[in-house]
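Asker: My structure is below; once you've seen it, I'll send some questions.
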Amino acid sequence: MKAIKGSPVTERAMRSAVAELSQRDRRLAALIAAHPLCTVGRNPKPISHFEALVESVISQQLAVKAADTIHARVVKLAGGKITPSKILKISEPGMREAGVSGAKFKTIQGLADAAQSKRIDINKLHEIESDQEIFDQLTSLWGIGPWTVDMFMMFQLGRLDIWPTGDLGVRRGYEKIYKLKEEITPKELDKKGDKFKPYRSIVAWYCWRALEK
């Protein structure tokens, strides 16, 4: 299964987007000025959409280092390349030994089955313009939730207007940027994101940067 990418975001387009965001919000402007240019859509991984989704599932509720370790073990189990056919041949005990939970095993198997049967044409998802349509297709699969799809659309498809309010890091980063005294809920943050359309993915990326030392 060959690698398939979405449309890359040029450096010029990203600079234009962050300049517009900086004009809209002075706190965000200070953060943008203090960090490198947002990489969403600019550095796509040379992997298939299926591989990216499996990686996103593995990463659910895990620290980056732990997720990377488990992902590397799954790649090894798959003979060096994650494809639907190879994933379907891996047993649950094998995946569990690699560190994949029972629930994630079920999700990854369902994803592989949907890809292999073409129930969802996963490697053509970048051809769908509507973010909501992609979201609806993927969340119809067992265990694929909003966070997984948000990460996929941001980092694999390079969509610039994804607002992952379910991500704890985004919420904590937003609280830090705006010096909030109380924790913000996903529902509250969803409303706050309206002012940043159509560049909410970029704002989310800078929320993560705000948490870096």
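By convention in this document, the chains of the structure tokens carry letters A, B, ... by their order, each chain's residues are numbered from 1, and ligands are numbered from 1 in the order they are shown.
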Considering only C-alpha atoms, return as a list in words whatever protein or nucleic-acid residues lie within 9 Å of range 131-139 of chain A, sequence-local ones (same chain, fewer than 2 positions apart) excluded.

Answerer: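 Listed by chain and then number, they are Leu111, Ile120, Ile122, Leu125, His126, Ile128, Glu129, Leu141, Trp142, Gly143, Ile144, Gly145, Pro146, Thr148, Val149, Asp150, Met153, Arg159, Asp161 and Ile162 of chain A.
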
Asker: For the selection you just gave me, I'd like the residues written to a file as a PDB file, in the first residue's frame, keeping N, CA and C atoms.

Answerer:
ATOM      1  N   LEU A 111     -10.534  -1.475  11.658  1.00  0.00           N
ATOM      2  CA  LEU A 111     -10.013  -0.518  10.692  1.00  0.00           C
ATOM      3  C   LEU A 111      -9.417  -1.247   9.488  1.00  0.00           C
ATOM      4  N   ILE A 120     -14.653   1.455   3.653  1.00  0.00           N
ATOM      5  CA  ILE A 120     -14.203   2.843   3.684  1.00  0.00           C
ATOM      6  C   ILE A 120     -12.927   2.891   2.851  1.00  0.00           C
ATOM      7  N   ILE A 122     -10.032   4.196   2.618  1.00  0.00           N
ATOM      8  CA  ILE A 122      -9.202   4.993   3.514  1.00  0.00           C
ATOM      9  C   ILE A 122      -8.138   5.803   2.785  1.00  0.00           C
ATOM     10  N   LEU A 125      -9.282   9.215   1.318  1.00  0.00           N
ATOM     11  CA  LEU A 125      -9.980  10.172   2.182  1.00  0.00           C
ATOM     12  C   LEU A 125      -9.554  11.612   1.910  1.00  0.00           C
ATOM     13  N   HIS A 126      -8.310  11.807   1.475  1.00  0.00           N
ATOM     14  CA  HIS A 126      -7.834  13.171   1.200  1.00  0.00           C
ATOM     15  C   HIS A 126      -8.584  13.819   0.033  1.00  0.00           C
ATOM     16  N   ILE A 128     -11.776  13.823  -0.238  1.00  0.00           N
ATOM     17  CA  ILE A 128     -13.049  14.345   0.289  1.00  0.00           C
ATOM     18  C   ILE A 128     -12.809  15.738   0.871  1.00  0.00           C
ATOM     19  N   GLU A 129     -13.490  16.736   0.370  1.00  0.00           N
ATOM     20  CA  GLU A 129     -13.281  18.113   0.830  1.00  0.00           C
ATOM     21  C   GLU A 129     -13.870  18.358   2.212  1.00  0.00           C
ATOM     22  N   LEU A 141     -16.657   3.554  12.714  1.00  0.00           N
ATOM     23  CA  LEU A 141     -15.932   2.331  13.066  1.00  0.00           C
ATOM     24  C   LEU A 141     -15.789   2.230  14.581  1.00  0.00           C
ATOM     25  N   TRP A 142     -15.861   1.004  15.100  1.00  0.00           N
ATOM     26  CA  TRP A 142     -15.769   0.785  16.546  1.00  0.00           C
ATOM     27  C   TRP A 142     -14.412   1.256  17.074  1.00  0.00           C
ATOM     28  N   GLY A 143     -14.447   2.075  18.107  1.00  0.00           N
ATOM     29  CA  GLY A 143     -13.224   2.510  18.770  1.00  0.00           C
ATOM     30  C   GLY A 143     -12.537   3.711  18.153  1.00  0.00           C
ATOM     31  N   ILE A 144     -13.038   4.181  17.009  1.00  0.00           N
ATOM     32  CA  ILE A 144     -12.451   5.372  16.388  1.00  0.00           C
ATOM     33  C   ILE A 144     -13.256   6.578  16.865  1.00  0.00           C
ATOM     34  N   GLY A 145     -12.658   7.372  17.725  1.00  0.00           N
ATOM     35  CA  GLY A 145     -13.353   8.520  18.295  1.00  0.00           C
ATOM     36  C   GLY A 145     -12.856   9.838  17.733  1.00  0.00           C
ATOM     37  N   PRO A 146     -13.410  10.935  18.222  1.00  0.00           N
ATOM     38  CA  PRO A 146     -13.050  12.261  17.716  1.00  0.00           C
ATOM     39  C   PRO A 146     -11.559  12.573  17.773  1.00  0.00           C
ATOM     40  N   THR A 148      -8.884  10.614  17.696  1.00  0.00           N
ATOM     41  CA  THR A 148      -8.136   9.872  16.674  1.00  0.00           C
ATOM     42  C   THR A 148      -8.316  10.508  15.297  1.00  0.00           C
ATOM     43  N   VAL A 149      -9.543  10.865  14.973  1.00  0.00           N
ATOM     44  CA  VAL A 149      -9.829  11.462  13.668  1.00  0.00           C
ATOM     45  C   VAL A 149      -9.232  12.868  13.579  1.00  0.00           C
ATOM     46  N   ASP A 150      -9.315  13.626  14.669  1.00  0.00           N
ATOM     47  CA  ASP A 150      -8.737  14.970  14.674  1.00  0.00           C
ATOM     48  C   ASP A 150      -7.237  14.921  14.382  1.00  0.00           C
ATOM     49  N   MET A 153      -6.664  14.003  10.714  1.00  0.00           N
ATOM     50  CA  MET A 153      -6.959  15.079   9.764  1.00  0.00           C
ATOM     51  C   MET A 153      -5.936  16.213   9.848  1.00  0.00           C
ATOM     52  N   ARG A 159      -5.288  19.249   7.338  1.00  0.00           N
ATOM     53  CA  ARG A 159      -6.466  20.133   7.392  1.00  0.00           C
ATOM     54  C   ARG A 159      -6.216  21.230   8.439  1.00  0.00           C
ATOM     55  N   ASP A 161      -8.383  23.517   9.761  1.00  0.00           N
ATOM     56  CA  ASP A 161      -9.458  24.026  10.621  1.00  0.00           C
ATOM     57  C   ASP A 161     -10.053  22.943  11.513  1.00  0.00           C
ATOM     58  N   ILE A 162      -9.178  22.126  12.097  1.00  0.00           N
ATOM     59  CA  ILE A 162      -9.605  21.106  13.059  1.00  0.00           C
ATOM     60  C   ILE A 162      -9.409  21.673  14.462  1.00  0.00           C
TER      61      ILE A 162
END

Asker: With only C-alpha atoms as the atoms that count, which of A:Ile177, A:Ala204, A:Lys45, A:Ile184 lies nearest to Asp25 in chain A?

Answerer: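 When distances to Asp25 in chain A are compared using only C-alpha atoms, the smallest one comes from A:Ile177.
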
Asker: Quick one, how far is CA of Thr165 in chain A from CA of Met151 in chain A?

Answerer: 11.4 Å

Asker: Which residues are near Leu77 in chain A? Cut-off 12 Å, only C-alpha atoms, ignore same chain within fewer than 2 positions. Put them as a list in words.

Answerer: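 What passes the distance filter is Ile70, His71, Ala72, Arg73, Val74, Val75, Gly79, Gly80, Lys81, Ile82, Thr83, Lys86, Ile87, Leu88, Lys89, Ile90, Ser91, Glu92, Pro93, Gly94, Met95, Arg96, Glu97, Ala98, Gly99 and Val100 of chain A.
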
Asker: What's around Glu175 in chain A at 12 Å? Count only C-alpha atoms, leave out sequence neighbours fewer than 3 positions away in its own chain, and write the answer as a list in words.

Answerer: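 The filter keeps Arg27, Leu28, Leu168, Gly169, Val170, Arg171, Arg172, Tyr178, Lys179, Leu180, Lys181, Glu182, Glu183, Ile184, Thr185, Pro186, Glu188, Leu189, Lys192, Ala204, Cys207, Trp208, Ala210 and Leu211 of chain A.
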
Asker: Set the distance at 8 Å and use only C-alpha atoms: which residues neighbour Tyr206 in chain A once local chain neighbours fewer than 4 positions away are removed? I'd like the list as a PDB file with C-alpha atoms, in the first residue's frame.

Answerer:
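Result file result28.pdb:
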ATOM      1  CA  LEU A  31       3.194  32.861  21.404  1.00  0.00           C
ATOM      2  CA  ILE A  32       3.520  32.595  17.621  1.00  0.00           C
ATOM      3  CA  CYS A  38       3.499  25.737  12.664  1.00  0.00           C
ATOM      4  CA  GLY A 173      -2.240  25.133  26.624  1.00  0.00           C
ATOM      5  CA  ILE A 202      -2.812  26.103  13.835  1.00  0.00           C
ATOM      6  CA  ALA A 210       2.607  26.800  25.133  1.00  0.00           C
TER       7      ALA A 210
END

Asker: In terms of the shortest atom-to-atom distance over only C-alpha atoms, which of A:His49, A:Arg12, A:Asn43, A:Trp163 is closest to Asp194 in chain A?

Answerer: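 Selected residue with least distance to Asp194 in chain A: A:Trp163.
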